[in-house]
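To be precise, the following lines are coords14.txt, and they hold compact mmCIF, C-alpha atoms.
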# COMPACT_ATOMS: atom_id res chain seq x y z
CA MET A 1393 -38.10 22.28 -26.13
CA MET A 1394 -36.83 22.42 -29.70
CA GLY A 1395 -33.66 20.58 -28.67
CA TRP A 1396 -35.71 17.73 -27.15
CA THR A 1397 -37.85 17.48 -30.29
CA THR A 1398 -34.72 17.44 -32.44
CA LEU A 1399 -33.26 14.61 -30.34
CA LEU A 1400 -36.46 12.54 -30.63
CA LEU A 1401 -36.51 13.03 -34.41
CA ALA A 1402 -32.85 11.98 -34.58
CA LEU A 1403 -33.57 8.81 -32.60
CA ARG A 1404 -36.56 8.03 -34.84
CA GLU A 1405 -34.46 8.33 -37.98
CA ILE A 1406 -31.72 6.13 -36.49
CA ARG A 1407 -34.29 3.45 -35.55
CA ARG A 1408 -35.55 3.32 -39.13
CA ASN A 1409 -32.29 1.71 -40.24
CA LEU A 1410 -30.92 -0.07 -37.20
CA MET A 1411 -28.53 -2.34 -39.09
CA ARG A 1412 -27.09 0.54 -41.11
CA SER A 1413 -26.76 2.62 -37.95
CA PHE A 1414 -24.96 -0.23 -36.17
CA LEU A 1415 -22.50 -0.73 -39.01
CA THR A 1416 -21.95 3.04 -39.15
CA VAL A 1417 -20.91 3.31 -35.50
CA LEU A 1418 -18.85 0.10 -35.53
CA GLY A 1419 -15.68 2.03 -36.33
CA ILE A 1420 -16.29 4.35 -33.38
CA VAL A 1421 -16.99 1.37 -31.08
CA ILE A 1422 -13.77 -0.41 -32.08
CA GLY A 1423 -11.73 2.79 -31.89
CA VAL A 1424 -12.90 3.82 -28.43
CA ALA A 1425 -12.60 0.26 -27.09
CA ALA A 1426 -9.09 -0.14 -28.51
CA VAL A 1427 -7.80 3.19 -27.20
CA VAL A 1428 -9.21 2.74 -23.68
CA THR A 1429 -8.05 -0.89 -23.49
CA MET A 1430 -4.51 -0.11 -24.66
CA VAL A 1431 -4.08 2.81 -22.26
CA THR A 1432 -5.63 0.96 -19.31
CA LEU A 1433 -3.45 -2.12 -19.81
CA GLY A 1434 -0.43 0.13 -20.33
CA ASN A 1435 -1.10 1.87 -17.01
CA GLY A 1436 -1.50 -1.52 -15.36
CA ALA A 1437 1.80 -2.73 -16.83
CA THR A 1438 3.56 0.43 -15.62
CA GLN A 1439 2.15 -0.04 -12.11
CA ALA A 1440 3.13 -3.72 -12.15
CA VAL A 1441 6.71 -2.85 -13.08
CA SER A 1442 6.85 -0.25 -10.31
CA ASP A 1443 5.46 -2.71 -7.75
CA GLN A 1444 7.81 -5.47 -8.85
CA ILE A 1445 10.87 -3.24 -8.67
CA THR A 1446 9.75 -2.07 -5.22
CA SER A 1447 9.39 -5.70 -4.15
CA LEU A 1448 13.11 -6.17 -4.79
CA GLY A 1449 13.79 -3.89 -1.86
CA SER A 1450 13.53 -0.27 -0.85
CA ASN A 1451 16.47 2.02 -1.73
CA LEU A 1452 18.29 -0.93 -3.25
CA LEU A 1453 21.47 -0.84 -5.32
CA LEU A 1454 22.63 -3.79 -7.43
CA LEU A 1455 26.39 -4.24 -7.84
CA ARG A 1456 27.29 -6.56 -10.71
CA PRO A 1457 30.38 -7.43 -12.77
CA GLY A 1458 30.56 -5.92 -16.26
CA GLN A 1459 28.89 -2.84 -17.68
CA ARG A 1460 25.85 -4.22 -19.54
CA LEU A 1461 22.53 -5.20 -17.97
CA GLY A 1462 19.26 -6.61 -19.25
CA PRO A 1463 18.58 -8.91 -22.24
CA GLY A 1464 21.75 -9.89 -24.04
CA SER A 1465 23.93 -8.61 -21.19
CA SER A 1466 27.12 -10.36 -20.30
CA SER A 1467 29.83 -10.05 -17.67
CA LEU A 1468 32.23 -12.15 -19.77
CA GLY A 1469 35.78 -11.04 -19.07
CA ALA A 1470 34.87 -9.02 -15.96
CA PRO A 1471 36.15 -10.52 -12.69
CA SER A 1472 33.55 -11.61 -10.17
CA PHE A 1473 33.33 -10.24 -6.65
CA ARG A 1474 34.36 -11.88 -3.42
CA ALA A 1475 32.71 -11.92 -0.01
CA ALA A 1476 35.50 -9.58 1.13
CA ASP A 1477 34.18 -6.91 -1.27
CA ALA A 1478 30.82 -6.97 0.48
CA GLU A 1479 32.54 -6.78 3.88
CA ALA A 1480 34.53 -3.75 2.69
CA ILE A 1481 31.38 -1.97 1.53
CA LYS A 1482 29.60 -2.74 4.80
CA SER A 1483 32.48 -1.53 6.98
CA GLN A 1484 33.68 1.51 4.99
CA ILE A 1485 30.46 3.10 3.67
CA GLY A 1486 27.86 4.64 5.94
CA SER A 1487 24.11 5.12 5.41
CA LEU A 1488 23.62 1.42 4.62
CA THR A 1489 21.20 -0.99 6.28
CA ALA A 1490 22.26 -4.24 4.61
CA VAL A 1491 24.95 -5.55 2.26
CA ALA A 1492 24.38 -9.05 0.87
CA PRO A 1493 26.81 -10.89 -1.42
CA ALA A 1494 24.99 -13.47 -3.52
CA VAL A 1495 25.76 -16.30 -5.91
CA SER A 1496 23.09 -18.22 -7.86
CA ARG A 1497 23.02 -21.49 -9.75
CA THR A 1498 20.12 -23.23 -11.48
CA THR A 1499 19.98 -26.87 -10.45
CA LEU A 1500 17.64 -29.78 -9.77
CA VAL A 1501 16.15 -30.22 -6.30
CA VAL A 1502 14.48 -33.45 -5.22
CA VAL A 1503 11.93 -34.33 -2.54
CA GLY A 1504 10.88 -37.99 -2.53
CA SER A 1505 9.77 -38.89 -6.05
CA LYS A 1506 9.32 -35.23 -7.08
CA ASN A 1507 11.98 -33.02 -8.66
CA TRP A 1508 12.08 -29.42 -9.79
CA ALA A 1509 14.69 -27.23 -11.55
CA THR A 1510 15.07 -24.00 -9.61
CA SER A 1511 17.48 -21.19 -8.80
CA VAL A 1512 19.57 -21.84 -5.67
CA THR A 1513 20.98 -18.64 -4.17
CA GLY A 1514 23.71 -18.48 -1.58
CA SER A 1515 23.90 -15.35 0.55
CA THR A 1516 23.96 -13.98 4.09
CA GLU A 1517 21.11 -13.08 6.44
CA ASP A 1518 21.26 -9.51 5.02
CA TYR A 1519 19.83 -10.93 1.77
CA PHE A 1520 16.34 -11.10 3.26
CA SER A 1521 16.22 -7.50 4.49
CA ALA A 1522 17.97 -6.11 1.38
CA GLY A 1523 15.64 -7.99 -0.95
CA ASN A 1524 12.54 -7.17 1.11
CA TRP A 1525 11.78 -10.85 1.70
CA LYS A 1526 9.27 -11.88 4.35
CA LEU A 1527 8.85 -15.31 5.91
CA ALA A 1528 5.57 -17.19 5.58
CA GLU A 1529 6.76 -19.70 8.15
CA GLY A 1530 9.91 -20.96 9.79
CA ARG A 1531 13.10 -18.93 10.23
CA ILE A 1532 16.16 -17.72 8.38
CA PHE A 1533 19.63 -19.18 8.94
CA SER A 1534 21.74 -17.79 11.78
CA PRO A 1535 25.24 -16.20 11.55
CA THR A 1536 26.64 -19.38 13.12
CA GLU A 1537 25.06 -21.50 10.36
CA GLU A 1538 26.46 -19.07 7.77
CA ARG A 1539 30.02 -19.32 9.08
CA ALA A 1540 29.82 -23.10 9.39
CA GLY A 1541 28.32 -23.49 5.91
CA LYS A 1542 25.54 -25.64 7.32
CA ALA A 1543 23.17 -27.39 4.88
CA VAL A 1544 19.98 -25.48 5.67
CA CYS A 1545 17.68 -23.74 3.20
CA ILE A 1546 14.65 -21.47 2.86
CA ILE A 1547 12.39 -22.19 -0.09
CA GLY A 1548 10.12 -19.95 -2.21
CA ALA A 1549 6.37 -20.37 -2.63
CA THR A 1550 6.71 -21.95 -6.09
CA VAL A 1551 9.18 -24.59 -4.88
CA ARG A 1552 6.88 -25.42 -1.99
CA ARG A 1553 3.90 -25.81 -4.34
CA GLU A 1554 5.80 -28.06 -6.73
CA LEU A 1555 7.59 -30.31 -4.23
CA PHE A 1556 5.58 -30.41 -1.05
CA THR A 1557 2.00 -31.38 -0.27
CA GLU A 1558 -0.34 -29.65 2.14
CA HIS A 1559 1.83 -30.27 5.23
CA SER A 1560 4.44 -27.72 6.31
CA PRO A 1561 7.85 -28.40 4.71
CA VAL A 1562 9.72 -26.89 7.69
CA GLY A 1563 11.90 -29.61 9.16
CA ASP A 1564 11.81 -31.81 6.03
CA MET A 1565 14.89 -32.72 4.05
CA MET A 1566 15.46 -31.77 0.41
CA ARG A 1567 18.22 -33.07 -1.86
CA ILE A 1568 20.21 -30.63 -3.97
CA ARG A 1569 22.53 -32.46 -6.35
CA GLN A 1570 24.55 -34.85 -4.17
CA PHE A 1571 23.80 -33.39 -0.74
CA SER A 1572 20.73 -32.95 1.43
CA CYS A 1573 19.62 -29.81 3.23
CA GLU A 1574 17.06 -29.14 5.91
CA VAL A 1575 14.17 -26.81 5.05
CA ILE A 1576 14.03 -24.28 7.88
CA GLY A 1577 11.69 -21.67 6.36
CA VAL A 1578 9.29 -20.71 3.56
CA LEU A 1579 9.36 -17.27 1.91
CA ALA A 1580 6.19 -15.24 1.43
CA ALA A 1581 5.13 -15.04 -2.21
CA LYS A 1582 6.27 -12.10 -4.36
CA GLY A 1583 5.12 -13.07 -7.87
CA GLN A 1584 6.85 -12.28 -11.14
CA SER A 1585 9.67 -9.78 -11.46
CA ALA A 1586 9.71 -6.86 -13.92
CA MET A 1587 11.60 -9.09 -16.37
CA GLY A 1588 8.97 -11.83 -16.16
CA ARG A 1589 10.97 -14.17 -13.90
CA ASP A 1590 9.15 -16.01 -11.12
CA GLN A 1591 10.74 -14.61 -7.94
CA ASP A 1592 9.16 -17.38 -5.85
CA ASP A 1593 10.98 -20.11 -7.80
CA THR A 1594 14.01 -19.97 -5.53
CA VAL A 1595 15.92 -21.68 -2.75
CA VAL A 1596 18.13 -19.58 -0.44
CA MET A 1597 21.06 -21.08 1.47
CA PRO A 1598 24.10 -19.78 3.37
CA LEU A 1599 26.71 -18.37 0.99
CA ARG A 1600 29.50 -20.71 2.12
CA THR A 1601 27.28 -23.74 1.72
CA VAL A 1602 26.56 -22.94 -1.92
CA GLN A 1603 30.18 -22.04 -2.65
CA ARG A 1604 31.55 -25.24 -1.14
CA ARG A 1605 28.91 -27.78 -2.19
CA LEU A 1606 27.39 -26.38 -5.37
CA THR A 1607 29.66 -23.98 -7.28
CA GLY A 1608 33.05 -25.08 -5.93
CA ARG A 1609 34.27 -21.47 -6.18
CA LEU A 1610 34.49 -18.44 -3.89
CA ASP A 1611 33.12 -16.06 -6.52
CA VAL A 1612 30.14 -13.78 -5.80
CA THR A 1613 28.00 -12.91 -8.83
CA ASN A 1614 26.37 -9.79 -7.38
CA ILE A 1615 26.04 -7.73 -4.22
CA LEU A 1616 22.78 -6.23 -2.97
CA ILE A 1617 23.18 -2.92 -1.14
CA SER A 1618 20.24 -1.50 0.84
CA MET A 1619 20.48 2.16 1.85
CA MET A 1620 18.82 4.13 4.63
CA ASP A 1621 15.73 6.11 3.63
CA ASP A 1622 17.50 9.46 4.04
CA ALA A 1623 20.69 8.40 2.23
CA SER A 1624 21.83 10.18 -0.94
CA THR A 1625 21.73 7.62 -3.74
CA THR A 1626 24.25 9.53 -5.87
CA GLN A 1627 26.68 9.83 -2.97
CA VAL A 1628 26.45 6.14 -2.06
CA ILE A 1629 26.91 5.09 -5.71
CA ASN A 1630 30.02 7.29 -5.97
CA GLN A 1631 31.41 5.83 -2.75
CA VAL A 1632 30.75 2.24 -3.85
CA THR A 1633 32.30 2.95 -7.26
CA ALA A 1634 35.45 4.44 -5.73
CA LEU A 1635 35.78 1.58 -3.25
CA MET A 1636 35.31 -1.11 -5.92
CA ARG A 1637 37.89 0.53 -8.18
CA GLU A 1638 40.29 0.38 -5.25
CA GLN A 1639 39.39 -3.23 -4.43
CA ARG A 1640 39.85 -4.25 -8.06
CA LYS A 1641 43.06 -2.22 -8.39
CA LEU A 1642 41.89 -0.29 -11.45
CA ALA A 1643 44.18 2.46 -12.77
CA ASP A 1644 42.87 5.98 -13.37
CA ASN A 1645 42.82 5.43 -17.13
CA GLU A 1646 40.91 2.12 -16.89
CA ASP A 1647 37.13 1.89 -17.24
CA ASP A 1648 34.96 0.34 -14.56
CA ASN A 1649 34.55 -3.42 -15.01
CA PHE A 1650 31.46 -3.42 -12.81
CA SER A 1651 28.15 -1.54 -12.64
CA VAL A 1652 26.11 -0.05 -9.79
CA GLN A 1653 22.41 0.13 -10.67
CA ASP A 1654 19.71 1.93 -8.72
CA THR A 1655 16.47 -0.07 -8.82
CA LYS A 1656 14.47 3.18 -8.87
CA GLU A 1657 16.23 4.21 -12.09
CA ILE A 1658 15.57 0.77 -13.56
CA ALA A 1659 11.87 1.19 -12.70
CA LYS A 1660 11.79 4.63 -14.34
CA ALA A 1661 13.46 3.33 -17.49
CA LEU A 1662 11.10 0.36 -17.81
CA SER A 1663 8.04 2.50 -17.03
CA GLY A 1664 9.13 5.06 -19.63
CA THR A 1665 9.51 2.36 -22.26
CA ILE A 1666 6.08 0.91 -21.46
CA GLY A 1667 4.56 4.42 -21.53
CA THR A 1668 6.02 5.08 -24.98
CA MET A 1669 4.72 1.77 -26.31
CA THR A 1670 1.29 2.47 -24.80
CA ALA A 1671 1.16 5.89 -26.46
CA LEU A 1672 2.12 4.40 -29.84
CA LEU A 1673 -0.47 1.63 -29.58
CA GLY A 1674 -3.09 4.15 -28.46
CA ALA A 1675 -2.29 6.37 -31.44
CA VAL A 1676 -2.62 3.44 -33.83
CA ALA A 1677 -5.94 2.48 -32.23
CA ALA A 1678 -7.15 6.09 -32.52
CA VAL A 1679 -6.88 5.83 -36.31
CA SER A 1680 -9.99 3.63 -36.27
CA LEU A 1681 -11.85 6.56 -34.70
CA LEU A 1682 -11.07 8.62 -37.78
CA VAL A 1683 -12.21 5.73 -39.97
CA GLY A 1684 -15.43 5.64 -37.95
CA GLY A 1685 -15.86 9.37 -38.47
CA ILE A 1686 -15.50 8.96 -42.21
CA GLY A 1687 -18.13 6.23 -42.06
CA ILE A 1688 -20.52 8.59 -40.26
CA MET A 1689 -19.95 11.31 -42.87
CA ASN A 1690 -20.57 8.84 -45.66
CA ILE A 1691 -23.83 7.50 -44.23
CA MET A 1692 -25.09 11.00 -43.40
CA LEU A 1693 -24.45 12.10 -46.99
CA VAL A 1694 -26.46 9.08 -48.14
CA SER A 1695 -29.18 10.02 -45.66
CA VAL A 1696 -29.34 13.58 -47.01
CA THR A 1697 -29.78 12.24 -50.53
CA GLU A 1698 -32.49 9.79 -49.44
CA ARG A 1699 -34.39 12.46 -47.50
CA THR A 1700 -34.07 15.33 -49.96
CA ARG A 1701 -37.84 15.56 -50.53
CA GLU A 1702 -38.48 15.49 -46.75
CA ILE A 1703 -35.98 18.32 -46.28
CA GLY A 1704 -37.68 20.29 -49.06
CA ILE A 1705 -41.08 19.94 -47.38
CA ARG A 1706 -39.69 21.11 -44.03
CA LEU A 1707 -38.03 24.11 -45.61
CA ALA A 1708 -41.17 24.92 -47.65
CA ILE A 1709 -43.42 25.02 -44.57
CA GLY A 1710 -41.14 27.40 -42.71
CA ALA A 1711 -38.29 25.44 -41.15
CA GLN A 1712 -35.13 27.49 -40.86
CA GLU A 1713 -31.76 26.40 -42.21
CA LYS A 1714 -30.28 26.23 -38.71
CA GLU A 1715 -33.05 23.83 -37.63
CA VAL A 1716 -32.28 21.47 -40.52
CA LEU A 1717 -28.57 21.83 -39.80
CA LEU A 1718 -29.15 21.01 -36.12
CA GLN A 1719 -31.34 18.03 -37.03
CA PHE A 1720 -28.68 16.26 -39.10
CA LEU A 1721 -25.86 17.31 -36.81
CA THR A 1722 -27.77 15.83 -33.85
CA GLU A 1723 -28.19 12.54 -35.69
CA ALA A 1724 -24.43 12.37 -36.35
CA VAL A 1725 -23.56 13.21 -32.73
CA VAL A 1726 -26.08 10.68 -31.35
CA LEU A 1727 -24.57 7.97 -33.56
CA SER A 1728 -21.00 8.74 -32.55
CA ALA A 1729 -21.84 9.23 -28.84
CA PHE A 1730 -23.73 5.93 -28.78
CA GLY A 1731 -20.74 4.27 -30.41
CA GLY A 1732 -18.51 5.82 -27.74
CA LEU A 1733 -20.67 4.44 -24.91
CA VAL A 1734 -20.71 0.95 -26.41
CA GLY A 1735 -16.95 1.21 -26.93
CA LEU A 1736 -16.44 2.09 -23.26
CA LEU A 1737 -18.52 -0.90 -22.15
CA LEU A 1738 -16.60 -3.18 -24.50
CA ALA A 1739 -13.30 -1.77 -23.20
CA ALA A 1740 -14.35 -2.40 -19.58
CA VAL A 1741 -15.08 -6.06 -20.33
CA ALA A 1742 -11.86 -6.47 -22.37
CA CYS A 1743 -9.73 -4.81 -19.67
CA TYR A 1744 -11.20 -7.03 -16.95
CA PHE A 1745 -10.45 -10.27 -18.77
CA LEU A 1746 -7.09 -9.23 -20.26
CA ALA A 1747 -5.83 -7.84 -16.94
CA SER A 1748 -6.69 -11.16 -15.28
CA LEU A 1749 -5.09 -13.11 -18.11
CA LEU A 1750 -1.87 -11.04 -18.07
CA ALA A 1751 -1.81 -10.78 -14.25
CA LEU A 1752 -1.83 -6.97 -14.37
CA PRO A 1753 -3.52 -4.60 -11.93
CA LEU A 1754 -6.72 -3.09 -13.33
CA ILE A 1755 -6.33 0.68 -13.00
CA PHE A 1756 -9.47 2.63 -13.94
CA SER A 1757 -8.61 6.01 -15.44
CA PRO A 1758 -11.58 8.43 -15.57
CA GLY A 1759 -9.49 10.78 -17.68
CA ILE A 1760 -8.92 8.45 -20.63
CA ASN A 1761 -12.53 7.24 -20.53
CA LEU A 1762 -13.92 10.79 -20.61
CA LEU A 1763 -11.39 11.79 -23.27
CA ALA A 1764 -12.29 8.84 -25.50
CA PHE A 1765 -16.03 9.51 -25.13
CA GLY A 1766 -15.58 13.24 -25.72
CA PHE A 1767 -13.45 12.55 -28.78
CA SER A 1768 -16.08 10.19 -30.18
CA ALA A 1769 -18.77 12.89 -29.75
CA ALA A 1770 -16.45 15.44 -31.37
CA ILE A 1771 -16.02 13.06 -34.31
CA GLY A 1772 -19.79 13.25 -34.81
CA VAL A 1773 -19.72 17.07 -34.84
CA ILE A 1774 -16.72 17.30 -37.17
CA PHE A 1775 -17.73 14.66 -39.70
CA GLY A 1776 -21.45 15.33 -39.40
CA TYR A 1777 -21.20 19.06 -40.14
CA VAL A 1778 -20.61 18.75 -43.90
CA PRO A 1779 -23.69 16.54 -44.56
CA ALA A 1780 -25.79 18.69 -42.20
CA ARG A 1781 -24.66 21.88 -43.94
CA ARG A 1782 -25.45 20.37 -47.31
CA ALA A 1783 -28.96 19.47 -46.14
CA ALA A 1784 -29.56 22.97 -44.73
CA GLN A 1785 -28.51 24.67 -47.97
CA LEU A 1786 -30.85 22.68 -50.24
CA ASP A 1787 -33.16 24.76 -52.43
CA PRO A 1788 -36.73 23.93 -51.27
CA ILE A 1789 -38.13 23.97 -54.82
CA GLU A 1790 -35.41 21.70 -56.18
CA ALA A 1791 -35.76 19.44 -53.15
CA LEU A 1792 -39.50 19.06 -53.71
CA ARG A 1793 -38.88 18.03 -57.32
CA HIS A 1794 -36.49 15.30 -56.19
CA GLU A 1795 -37.71 11.75 -56.73
Step by step, read the file and then write its structure as structure tokens.
Amino acid sequence: MMGWTTLLLALREIRRNLMRSFLTVLGIVIGVAAVVTMVTLGNGATQAVSDQITSLGSNLLLLRPGQRLGPGSSSLGAPSFRAADAEAIKSQIGSLTAVAPAVSRTTLVVVGSKNWATSVTGSTEDYFSAGNWKLAEGRIFSPTEERAGKAVCIIGATVRRELFTEHSPVGDMMRIRQFSCEVIGVLAAKGQSAMGRDQDDTVVMPLRTVQRRLTGRLDVTNILISMMDDASTTQVINQVTALMREQRKLADNEDDNFSVQDTKEIAKALSGTIGTMTALLGAVAAVSLLVGGIGIMNIMLVSVTERTREIGIRLAIGAQEKEVLLQFLTEAVVLSAFGGLVGLLLAAVACYFLASLLALPLIFSPGINLLAFGFSAAIGVIFGYVPARRAAQLDPIEALRHE
């Protein structure tokens, strides 16, 4: 009963100065909202990276010239691969489901009066299974069309949106540089990659067609290797590395001039980086919670000074020190807890709109929400104790004399 009365008195005192109370909890509101928003968006970004890497293909290895990958990477000086390298991997290494040599070139494609700059990739039919591509309509090219280097192509969802109207593009002709190709299929949409590239902005053609009509060279820029689910990634990487050293005639004392990357490891590295950045941003945002706590302490000290005579009267008529202590401590906790609730509501709205804006999945985490609210309440206890203790230790006679 006493606890309920104490809570009602705390609410009455807070209502007396609504504007001051609002400004007092503003730091808590901003702190809780910032922490929850940063962590929620960070979790969404981590999940997006994981999904995007998975969309590249399950158990996928990427074989590329050179040793550096990512922003600023370059294969300058490292020899490219040939289609024969992919054939050697497919025939000599077990536990594989698909091996797809690929070469890409950014060029202009034209349909009627519309044109669009896109990435044209030449590969084999294994490219679609290795890269986990699905067809929205149409078909993929056949082995016969691959060997003949026929001018057929499968387009991504972005290319379809930019160049074709509502009718199906299957069967239509599309011009790529100086030659025309027949659209025989449309790929199902994948969205952006982990690096921010639009995966649907693509055109896929037979490898020989691209080599003969677009690049003019037999080079292969990378090879996609899809493993069986029960295959040992380490063992396959070692086998591919040994085979490529043999194919490239590298001496024992020479370093590899190629790299074999596991997409799962790439996902872990990117997720770890995002997690670190999320933790740092969350820590910075948490500083505003401390600032909010200092604000609560400051306003409670002012409140003790303003209500000194009231405290003296309560102590003079028999109130115990612990009751006065509990009264002011309750006011501080109510302020901070209310700020925490408002902060959570603000974070929910911010996360909804920012996740939509950034195209990230919205992942609700009960843990971080409860932690942020609990921390805001704890701020009230910690920073409200000193003013409450000061009020409880006032001398009743001196307090009554206070003007």
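When only C-alpha atoms are used to compute distances to Arg1600 of chain A, the closest of the residues A:Arg1640, A:Lys1582, A:Lys1542, A:His1559 turns out to be A:Lys1542.
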Quick one: of A:Asn1409, A:Thr1625, A:Ser1651, A:Thr1416, who's nearest to Phe1730 of chain A, counting all atoms listed in the file?
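Closest to Phe1730 of chain A of all the choices is A:Thr1416.
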What's the 7 Å shell around Gly1530 of chain A, counting all atoms listed in the file, without same-chain residues fewer than 6 positions away, as a VMD selection string?
chain A and resid 1562 1576 to 1578
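Candidate residues A:Ala1522, A:Leu1682, A:Val1602, A:Leu1455 were compared for distance to Asp1648 of chain A, and the nearest is A:Leu1455, using all atoms listed in the file.
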Report as lines of an AutoDock Vina configuration file the centre and the edge lengths, in Å to one decimal, of the axis-aligned box holding every listed atom of segment 1488-1495 of chain A, padded by 8 Å on each side.
center_x = 24.0
center_y = -7.4
center_z = 0.2
size_x = 21.6
size_y = 33.7
size_z = 28.2
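In this structure, atom CA of Leu1452 of chain A sits 17.8 Å away from atom CA of Ala1440 of chain A.
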Given only C-alpha atoms as the basis, pick out the residue of A:Met1565, A:Met1669, A:Val1428, A:Leu1599 nearest to Ser1515 of chain A.
A:Leu1599
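The spacing separating atom CA of Asp1593 of chain A from atom CA of Asp1564 of chain A amounts to 18.1 Å.
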From the set A:Ala1580, A:Val1596, A:Leu1736, A:Ala1470, which residue has the shortest atom-to-atom contact distance to Asp1647 of chain A, counting all atoms listed in the file?
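With all atoms listed in the file as the atom set, the closest residue is A:Ala1470.
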Just the number, please: distance in Å from atom CA of Ala1476 of chain A to atom CA of Ala1492 of chain A, one decimal.
11.1 Å
Using all atoms listed in the file, which protein or nucleic acid residues come within 9 Å of Val1491 of chain A? Drop anything in the same chain fewer than 2 positions from it, and give the result as a ChimeraX atom specification.
/A:1478-1479,1481-1482,1488-1489,1493,1516,1518-1519,1522,1615-1619
When distances are computed from only C-alpha atoms, which of A:Thr1432, A:Asn1451, A:Gln1570, A:Ser1521 shows the smallest separation from Asp1621 of chain A?
A:Asn1451
Residue neighbourhood Asn1435 of chain A, 9 Å, all atoms listed in the file, exclusion window fewer than 2 positions, as number ranges by chain
A: 1430-1433, 1437-1440, 1666-1667, 1670, 1753-1757
Could you pull the residues within 10 Å of Arg1605 of chain A, counting all atoms listed in the file, minus those fewer than 3 positions along the same chain, as number ranges by chain?
A: 1541, 1543, 1568-1571, 1600-1602, 1608-1609
Near segment 1724-1727 of chain A, counting all atoms listed in the file, which residues have an atom at most 10 Å away, once you skip same-chain residues fewer than 3 positions from it, shown as number ranges by chain?
A: 1399, 1402-1403, 1406, 1413-1414, 1416-1418, 1420, 1685, 1688-1689, 1691-1692, 1718-1721, 1730-1732, 1768-1777, 1779-1780
Counting all atoms listed in the file, select every polymer residue within 9 Å of (-7.0, 4.1, -27.1) as defined in the file's coordinates, and provide the selection as a PyMOL selection string.
chain A and resi 1423-1432+1670-1671+1673-1678+1760+1764
